[in-house]
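**Student:** So I've got this file, input_25.cif, and it contains mmCIF, C-alpha atoms:
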data_data
#
loop_
_atom_site.group_PDB
_atom_site.id
_atom_site.type_symbol
_atom_site.label_atom_id
_atom_site.label_comp_id
_atom_site.auth_asym_id
_atom_site.auth_seq_id
_atom_site.Cartn_x
_atom_site.Cartn_y
_atom_site.Cartn_z
ATOM 1 C CA MET A 17 -13.847 10.796 -27.107
ATOM 2 C CA ILE A 18 -10.491 9.706 -25.697
ATOM 3 C CA ALA A 19 -9.849 10.404 -22.022
ATOM 4 C CA LEU A 20 -6.253 10.907 -20.890
ATOM 5 C CA THR A 21 -5.993 10.100 -17.192
ATOM 6 C CA PHE A 22 -3.173 10.405 -14.675
ATOM 7 C CA ASP A 23 -2.920 8.604 -11.338
ATOM 8 C CA ASP A 24 -0.885 9.141 -8.173
ATOM 9 C CA GLY A 25 -0.292 12.909 -8.240
ATOM 10 C CA PRO A 26 0.141 15.640 -7.679
ATOM 11 C CA ASN A 27 3.880 15.892 -7.072
ATOM 12 C CA ASP A 28 6.555 18.549 -7.395
ATOM 13 C CA THR A 29 8.462 16.910 -10.258
ATOM 14 C CA ALA A 30 6.107 15.618 -12.951
ATOM 15 C CA THR A 31 2.718 17.273 -12.503
ATOM 16 C CA ALA A 32 3.567 20.858 -13.472
ATOM 17 C CA PRO A 33 5.304 19.858 -16.750
ATOM 18 C CA LEU A 34 2.289 17.718 -17.636
ATOM 19 C CA LEU A 35 -0.015 20.676 -17.011
ATOM 20 C CA ASP A 36 2.247 22.884 -19.115
ATOM 21 C CA LEU A 37 2.107 20.453 -22.027
ATOM 22 C CA LEU A 38 -1.650 20.006 -21.783
ATOM 23 C CA ALA A 39 -2.086 23.794 -21.788
ATOM 24 C CA ALA A 40 0.205 24.201 -24.794
ATOM 25 C CA ARG A 41 -1.782 21.604 -26.738
ATOM 26 C CA GLY A 42 -5.184 22.861 -25.591
ATOM 27 C CA VAL A 43 -6.165 19.517 -24.095
ATOM 28 C CA ARG A 44 -8.066 18.728 -20.911
ATOM 29 C CA ALA A 45 -7.337 15.570 -18.935
ATOM 30 C CA THR A 46 -8.409 13.875 -15.709
ATOM 31 C CA PHE A 47 -6.249 13.486 -12.618
ATOM 32 C CA PHE A 48 -6.977 10.790 -10.028
ATOM 33 C CA VAL A 49 -5.172 12.170 -7.012
ATOM 34 C CA PHE A 50 -3.936 11.140 -3.604
ATOM 35 C CA GLY A 51 -5.778 13.163 -0.988
ATOM 36 C CA SER A 52 -2.596 13.547 1.065
ATOM 37 C CA ARG A 53 -0.614 14.786 -1.942
ATOM 38 C CA ALA A 54 -3.372 17.191 -2.909
ATOM 39 C CA ALA A 55 -3.131 18.666 0.578
ATOM 40 C CA GLU A 56 0.653 19.008 0.168
ATOM 41 C CA HIS A 57 0.398 20.679 -3.264
ATOM 42 C CA PRO A 58 -2.809 22.727 -3.253
ATOM 43 C CA GLU A 59 -1.425 25.088 -5.904
ATOM 44 C CA LEU A 60 -1.345 22.238 -8.428
ATOM 45 C CA ILE A 61 -4.928 21.251 -7.673
ATOM 46 C CA VAL A 62 -6.016 24.871 -8.077
ATOM 47 C CA ARG A 63 -4.197 24.979 -11.399
ATOM 48 C CA MET A 64 -5.896 21.779 -12.589
ATOM 49 C CA VAL A 65 -9.325 23.122 -11.760
ATOM 50 C CA ALA A 66 -8.641 26.504 -13.359
ATOM 51 C CA ALA A 67 -7.574 24.774 -16.589
ATOM 52 C CA GLY A 68 -10.750 22.683 -16.729
ATOM 53 C CA HIS A 69 -9.147 19.338 -15.952
ATOM 54 C CA GLY A 70 -11.068 16.737 -14.028
ATOM 55 C CA VAL A 71 -9.863 16.180 -10.462
ATOM 56 C CA GLN A 72 -11.123 12.917 -9.034
ATOM 57 C CA PRO A 73 -10.186 10.702 -6.056
ATOM 58 C CA HIS A 74 -7.703 7.842 -6.145
ATOM 59 C CA CYS A 75 -6.893 7.215 -2.486
ATOM 60 C CA TRP A 76 -5.706 9.014 0.623
ATOM 61 C CA LYS A 77 -2.087 7.933 1.150
ATOM 62 C CA SER A 78 -1.356 4.211 1.409
ATOM 63 C CA HIS A 79 -2.303 3.110 -2.144
ATOM 64 C CA ALA A 80 -3.665 -0.075 -0.591
ATOM 65 C CA SER A 81 -5.719 -2.449 -2.703
ATOM 66 C CA HIS A 82 -9.426 -2.458 -1.936
ATOM 67 C CA HIS A 83 -9.089 -6.232 -1.613
ATOM 68 C CA GLU A 84 -6.867 -5.640 1.426
ATOM 69 C CA LEU A 85 -8.952 -2.948 3.133
ATOM 70 C CA SER A 86 -11.757 -3.467 5.612
ATOM 71 C CA ARG A 87 -15.031 -1.710 4.939
ATOM 72 C CA PRO A 88 -14.378 0.955 7.651
ATOM 73 C CA ALA A 89 -10.857 1.562 6.299
ATOM 74 C CA LEU A 90 -12.213 1.954 2.783
ATOM 75 C CA GLU A 91 -14.841 4.410 3.973
ATOM 76 C CA GLU A 92 -12.270 6.469 5.858
ATOM 77 C CA ASP A 93 -9.879 6.521 2.892
ATOM 78 C CA ILE A 94 -12.370 7.979 0.424
ATOM 79 C CA ALA A 95 -13.961 10.329 2.959
ATOM 80 C CA ARG A 96 -10.621 11.950 3.825
ATOM 81 C CA THR A 97 -9.741 12.336 0.158
ATOM 82 C CA LEU A 98 -13.087 13.876 -0.753
ATOM 83 C CA ASP A 99 -12.884 16.282 2.189
ATOM 84 C CA VAL A 100 -9.556 17.653 0.940
ATOM 85 C CA LEU A 101 -10.811 18.037 -2.626
ATOM 86 C CA GLN A 102 -13.828 19.952 -1.343
ATOM 87 C CA GLU A 103 -11.612 22.204 0.787
ATOM 88 C CA LEU A 104 -9.492 22.978 -2.276
ATOM 89 C CA GLY A 105 -12.521 24.069 -4.288
ATOM 90 C CA CYS A 106 -12.759 21.140 -6.685
ATOM 91 C CA PRO A 107 -16.070 20.458 -8.398
ATOM 92 C CA THR A 108 -17.889 17.588 -6.724
ATOM 93 C CA PRO A 109 -16.207 14.343 -7.860
ATOM 94 C CA THR A 110 -18.318 11.857 -9.788
ATOM 95 C CA ILE A 111 -15.873 9.010 -10.486
ATOM 96 C CA TRP A 112 -13.311 7.091 -8.443
ATOM 97 C CA ARG A 113 -10.408 4.969 -9.638
ATOM 98 C CA PRO A 114 -9.201 2.617 -6.891
ATOM 99 C CA PRO A 115 -5.468 1.887 -6.502
ATOM 100 C CA ASN A 116 -4.232 -0.750 -8.956
ATOM 101 C CA GLY A 117 -7.705 -0.858 -10.477
ATOM 102 C CA ASP A 118 -8.636 -3.294 -7.689
ATOM 103 C CA ILE A 119 -12.344 -3.396 -6.877
ATOM 104 C CA LYS A 120 -13.939 -5.488 -4.156
ATOM 105 C CA ASP A 121 -17.578 -6.433 -4.647
ATOM 106 C CA PRO A 122 -19.745 -5.336 -2.886
ATOM 107 C CA ASP A 123 -17.746 -3.022 -0.601
ATOM 108 C CA SER A 124 -16.128 -0.815 -3.250
ATOM 109 C CA TYR A 125 -19.406 -0.285 -5.105
ATOM 110 C CA GLU A 126 -21.457 0.416 -1.987
ATOM 111 C CA VAL A 127 -18.941 2.886 -0.544
ATOM 112 C CA ALA A 128 -18.692 4.615 -3.910
ATOM 113 C CA ALA A 129 -22.454 4.862 -4.268
ATOM 114 C CA ALA A 130 -22.766 6.372 -0.788
ATOM 115 C CA HIS A 131 -20.660 9.285 -2.054
ATOM 116 C CA GLY A 132 -22.338 9.556 -5.454
ATOM 117 C CA LEU A 133 -19.337 8.055 -7.248
ATOM 118 C CA GLU A 134 -18.961 5.561 -10.091
ATOM 119 C CA LEU A 135 -15.951 3.261 -10.085
ATOM 120 C CA VAL A 136 -13.697 3.300 -13.133
ATOM 121 C CA VAL A 137 -10.619 1.464 -14.346
ATOM 122 C CA TRP A 138 -9.149 1.996 -17.866
ATOM 123 C CA THR A 139 -9.158 0.534 -21.361
ATOM 124 C CA LEU A 140 -5.571 1.356 -22.389
ATOM 125 C CA GLN A 141 -2.791 0.426 -19.962
ATOM 126 C CA THR A 142 0.396 2.317 -20.861
ATOM 127 C CA CYS A 143 2.491 0.427 -18.266
ATOM 128 C CA ASP A 144 4.404 3.640 -17.524
ATOM 129 C CA TRP A 145 4.648 2.490 -13.889
ATOM 130 C CA SER A 146 7.129 -0.161 -15.019
ATOM 131 C CA ASP A 147 10.844 0.616 -15.364
ATOM 132 C CA ASP A 148 10.850 -1.796 -18.316
ATOM 133 C CA HIS A 149 8.420 0.413 -20.247
ATOM 134 C CA GLY A 150 9.928 3.699 -21.346
ATOM 135 C CA ALA A 151 7.961 6.223 -23.377
ATOM 136 C CA ASP A 152 9.362 5.006 -26.706
ATOM 137 C CA ARG A 153 8.491 1.378 -25.985
ATOM 138 C CA ILE A 154 4.970 2.311 -24.910
ATOM 139 C CA LEU A 155 4.374 4.370 -28.045
ATOM 140 C CA ASP A 156 5.730 1.529 -30.171
ATOM 141 C CA ASP A 157 3.339 -0.886 -28.433
ATOM 142 C CA ILE A 158 0.469 1.441 -29.319
ATOM 143 C CA ASP A 159 1.626 1.947 -32.919
ATOM 144 C CA HIS A 160 1.933 -1.790 -33.561
ATOM 145 C CA GLU A 161 -0.829 -2.941 -31.177
ATOM 146 C CA THR A 162 1.729 -5.230 -29.572
ATOM 147 C CA ARG A 163 -0.386 -5.755 -26.462
ATOM 148 C CA GLU A 164 -4.129 -6.348 -26.240
ATOM 149 C CA ASP A 165 -4.237 -3.691 -23.499
ATOM 150 C CA ALA A 166 -2.463 -1.095 -25.661
ATOM 151 C CA LEU A 167 -5.116 -0.475 -28.311
ATOM 152 C CA LEU A 168 -5.815 3.192 -29.019
ATOM 153 C CA ARG A 169 -9.460 3.629 -29.981
ATOM 154 C CA PRO A 170 -11.751 6.686 -30.371
ATOM 155 C CA ASP A 171 -13.204 6.083 -26.885
ATOM 156 C CA SER A 172 -10.075 4.860 -25.078
ATOM 157 C CA VAL A 173 -9.567 5.623 -21.399
ATOM 158 C CA VAL A 174 -5.797 5.904 -21.169
ATOM 159 C CA LEU A 175 -4.001 5.183 -17.893
ATOM 160 C CA MET A 176 -0.836 7.167 -17.160
ATOM 161 C CA HIS A 177 0.875 8.391 -14.004
ATOM 162 C CA ASP A 178 2.400 11.608 -12.727
ATOM 163 C CA LYS A 179 5.926 10.428 -13.575
ATOM 164 C CA THR A 180 8.757 12.181 -15.402
ATOM 165 C CA LYS A 181 8.508 9.843 -18.407
ATOM 166 C CA ALA A 182 4.843 10.786 -18.800
ATOM 167 C CA GLU A 183 5.658 14.144 -20.401
ATOM 168 C CA ARG A 184 7.377 12.479 -23.372
ATOM 169 C CA LEU A 185 4.690 9.799 -23.459
ATOM 170 C CA LEU A 186 1.909 12.369 -23.420
ATOM 171 C CA ALA A 187 3.470 14.352 -26.273
ATOM 172 C CA GLY A 188 3.707 11.223 -28.407
ATOM 173 C CA LEU A 189 0.172 10.174 -27.572
ATOM 174 C CA LEU A 190 -1.218 13.580 -28.476
ATOM 175 C CA ASP A 191 0.554 13.416 -31.837
ATOM 176 C CA ARG A 192 -0.966 10.021 -32.570
ATOM 177 C CA ILE A 193 -4.423 11.058 -31.418
ATOM 178 C CA ALA A 194 -4.312 14.133 -33.686
ATOM 179 C CA ALA A 195 -3.057 12.077 -36.626
ATOM 180 C CA ARG A 196 -5.992 9.707 -36.270
ATOM 181 C CA GLY A 197 -8.494 12.540 -35.978
ATOM 182 C CA TYR A 198 -9.691 11.558 -32.511
ATOM 183 C CA GLU A 199 -11.032 14.003 -29.922
ATOM 184 C CA VAL A 200 -9.811 14.299 -26.332
ATOM 185 C CA GLY A 201 -11.621 15.430 -23.208
ATOM 186 C CA PRO A 202 -12.036 14.822 -19.474
ATOM 187 C CA LEU A 203 -13.379 11.482 -18.319
ATOM 188 C CA ALA A 204 -17.091 11.529 -17.561
ATOM 189 C CA ALA A 205 -19.404 9.162 -15.713
ATOM 190 C CA GLY A 206 -20.739 6.295 -17.807
ATOM 191 C CA ASN A 207 -17.515 5.950 -19.818
ATOM 192 C CA PRO A 208 -16.271 2.638 -21.340
ATOM 193 C CA ALA A 209 -14.021 2.013 -18.329
ATOM 194 C CA THR A 210 -16.887 2.126 -15.826
ATOM 195 C CA ALA A 211 -16.984 -0.901 -13.529
ATOM 196 C CA ARG A 212 -20.408 -2.536 -13.719
ATOM 197 C CA GLY A 213 -20.142 -5.096 -10.933
ATOM 198 C CA GLY A 214 -17.954 -7.917 -9.722
ATOM 199 C CA ASP A 215 -14.363 -8.010 -8.559
ATOM 200 C CA TYR A 216 -11.514 -6.421 -10.508
ATOM 201 C CA THR A 217 -7.788 -7.027 -10.106
ATOM 202 C CA PHE A 218 -5.348 -4.748 -11.917
ATOM 203 C CA GLY A 219 -8.319 -3.243 -13.720
ATOM 204 C CA ARG A 220 -9.376 -6.590 -15.154
ATOM 205 C CA GLN A 221 -11.901 -9.337 -14.557
ATOM 206 C CA ASP A 222 -10.265 -12.042 -16.685
ATOM 207 C CA GLY A 223 -7.463 -12.937 -14.266
ATOM 208 C CA LYS A 224 -4.732 -11.887 -16.709
ATOM 209 C CA LEU A 225 -1.786 -9.757 -15.674
ATOM 210 C CA PRO A 226 -1.290 -6.328 -17.278
ATOM 211 C CA CYS A 227 1.359 -5.346 -19.814
ATOM 212 C CA GLY A 228 1.900 -8.883 -21.075
ATOM 213 C CA LEU A 229 3.534 -9.871 -17.775
ATOM 214 C CA VAL A 230 3.929 -13.444 -16.637
ATOM 215 C CA ASP A 231 5.175 -12.605 -13.164
ATOM 216 C CA LEU A 232 4.065 -9.475 -11.360
ATOM 217 C CA PRO A 233 6.599 -7.009 -9.935
ATOM 218 C CA ALA A 234 5.601 -4.128 -7.670
ATOM 219 C CA ILE A 235 2.787 -2.314 -9.433
ATOM 220 C CA ALA A 236 1.190 1.076 -8.932
ATOM 221 C CA SER A 237 -1.765 2.636 -10.694
#
Represent the structure contained in this file as structure tokens.
**Tutor:**
Amino acid sequence: MIALTFDDGPNDTATAPLLDLLAARGVRATFFVFGSRAAEHPELIVRMVAAGHGVQPHCWKSHASHHELSRPALEEDIARTLDVLQELGCPTPTIWRPPNGDIKDPDSYEVAAAHGLELVVWTLQTCDWSDDHGADRILDDIDHETREDALLRPDSVVLMHDKTKAERLLAGLLDRIAARGYEVGPLAAGNPATARGGDYTFGRQDGKLPCGLVDLPAIAS
């Protein structure tokens, strides 16, 4: 089953249209949210939960890499985020996607385990965070398998963001998923993007940069 996931929300520009489109297509997704933004937009979190979407933690506010955070800072970041999600009536989170897909061994794993969470990254990087990757280019990359991190498979974990371009991207992805006969559902623990140990940088362990990049601009995920 394909999992469509969205990082960095909720916000007052992109999130509601994404929820509208998902509802119209009868699809459930997973949102990895900022705790601070969830507190600012509780109505969107309530709407996600009511629609059966997964609501899972991303970070509190700073979007700092786990590689840059001390153990106490990491513990505070996830604790504050989980507290807000509990206050908003979310089901108990089970998975956690760190900012940028950066995982620091052992701290990230041990802090996650203390809260009953598994760490996840992704298997399909849309690169929608980049101004150089519009929705049409991303869909073309997927159609022609231009990038090794843009392969759409029956069990793909797709990384997107709560950005305005994501609505067009999501519509195109859903069309392609339906055409291939794949199923879509919320991301569950034990999925193909689960981190099993070791350090990760930009969701990878091979040292390569995402999106076919040679030099790395500002990145968010």
**Student:** Apply the PyMOL selection byres ((chain A and resi 86-93) around 9) to the structure shown and report the selected residues as a list in words.
**Tutor:**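 So the PyMOL selection byres ((chain A and resi 86-93) around 9), applied here, picks out Gly51, Cys75, Trp76, Lys77, Ser78, His82, His83, Glu84, Leu85, Ile94, Ala95, Arg96, Thr97, Leu98, Asp123, Ser124, Val127 and Ala128 of chain A.
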**Student:** Env of region 214-218 of chain A: 12 Å cut, atoms = all atoms listed in the file, seq-sep filter 3 positions within chain, self excluded. Answer as JSON, numbers by chain.
**Tutor:** {"A": [81, 82, 83, 84, 113, 114, 115, 116, 117, 118, 119, 120, 121, 122, 123, 124, 125, 126, 135, 136, 137, 138, 139, 141, 143, 165, 175, 209, 210, 211, 221, 222, 223, 224, 225, 226, 227, 229, 232, 234, 235, 236, 237]}
**Student:** Could you take the residues named above and write them with C-alpha atoms, as a compact mmCIF listing (two decimals), in the frame of the given file?
**Tutor:**
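Contents of part12.txt, as written:
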# COMPACT_ATOMS: atom_id res chain seq x y z
CA SER A 81 -5.72 -2.45 -2.70
CA HIS A 82 -9.43 -2.46 -1.94
CA HIS A 83 -9.09 -6.23 -1.61
CA GLU A 84 -6.87 -5.64 1.43
CA ARG A 113 -10.41 4.97 -9.64
CA PRO A 114 -9.20 2.62 -6.89
CA PRO A 115 -5.47 1.89 -6.50
CA ASN A 116 -4.23 -0.75 -8.96
CA GLY A 117 -7.70 -0.86 -10.48
CA ASP A 118 -8.64 -3.29 -7.69
CA ILE A 119 -12.34 -3.40 -6.88
CA LYS A 120 -13.94 -5.49 -4.16
CA ASP A 121 -17.58 -6.43 -4.65
CA PRO A 122 -19.74 -5.34 -2.89
CA ASP A 123 -17.75 -3.02 -0.60
CA SER A 124 -16.13 -0.82 -3.25
CA TYR A 125 -19.41 -0.28 -5.11
CA GLU A 126 -21.46 0.42 -1.99
CA LEU A 135 -15.95 3.26 -10.09
CA VAL A 136 -13.70 3.30 -13.13
CA VAL A 137 -10.62 1.46 -14.35
CA TRP A 138 -9.15 2.00 -17.87
CA THR A 139 -9.16 0.53 -21.36
CA GLN A 141 -2.79 0.43 -19.96
CA CYS A 143 2.49 0.43 -18.27
CA ASP A 165 -4.24 -3.69 -23.50
CA LEU A 175 -4.00 5.18 -17.89
CA ALA A 209 -14.02 2.01 -18.33
CA THR A 210 -16.89 2.13 -15.83
CA ALA A 211 -16.98 -0.90 -13.53
CA GLN A 221 -11.90 -9.34 -14.56
CA ASP A 222 -10.26 -12.04 -16.68
CA GLY A 223 -7.46 -12.94 -14.27
CA LYS A 224 -4.73 -11.89 -16.71
CA LEU A 225 -1.79 -9.76 -15.67
CA PRO A 226 -1.29 -6.33 -17.28
CA CYS A 227 1.36 -5.35 -19.81
CA LEU A 229 3.53 -9.87 -17.77
CA LEU A 232 4.07 -9.48 -11.36
CA ALA A 234 5.60 -4.13 -7.67
CA ILE A 235 2.79 -2.31 -9.43
CA ALA A 236 1.19 1.08 -8.93
CA SER A 237 -1.76 2.64 -10.69
**Student:** Nearest to Ala187 (chain A) among A:Asp28, A:Asp99, A:Asp152, A:Asp147, with distances taken over all atoms listed in the file: which residue is it?
**Tutor:**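 Comparing A:Asp28, A:Asp99, A:Asp152, A:Asp147 against Ala187 (chain A), the winner is A:Asp152.
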**Student:** So which one's closest to Ala204 (chain A), A:His69, A:Arg63, A:Arg41, A:His57? Using all atoms listed in the file, please.
**Tutor:**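 Selected residue with least distance to Ala204 (chain A): A:His69.
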**Student:** Using Å and a single decimal, report how far CA of Gly42 (chain A) sits from CA of Arg196 (chain A).
**Tutor:** 17.0 Å
**Student:** Quick check on the file I pasted: which residues fall under the PyMOL selection byres ((chain A and resi 132) around 10)? Write them as a list in words.
**Tutor:**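 Here the PyMOL selection byres ((chain A and resi 132) around 10) matches Thr108, Pro109, Thr110, Ile111, Trp112, Glu126, Val127, Ala128, Ala129, Ala130, His131, Leu133 and Glu134 of chain A.
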**Student:** Counting all atoms listed in the file, what is within 10 Å of Thr31 (chain A), bar same-chain residues fewer than 3 positions away, as a list in words?
**Tutor:**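 Counting only the stated atoms, we get Phe22, Asp24, Gly25, Pro26, Asn27, Asp28, Leu34, Leu35, Asp36, Phe47, Leu60, Ile61, Met64, His177, Asp178, Lys179, Thr180, Ala182 and Glu183 of chain A.
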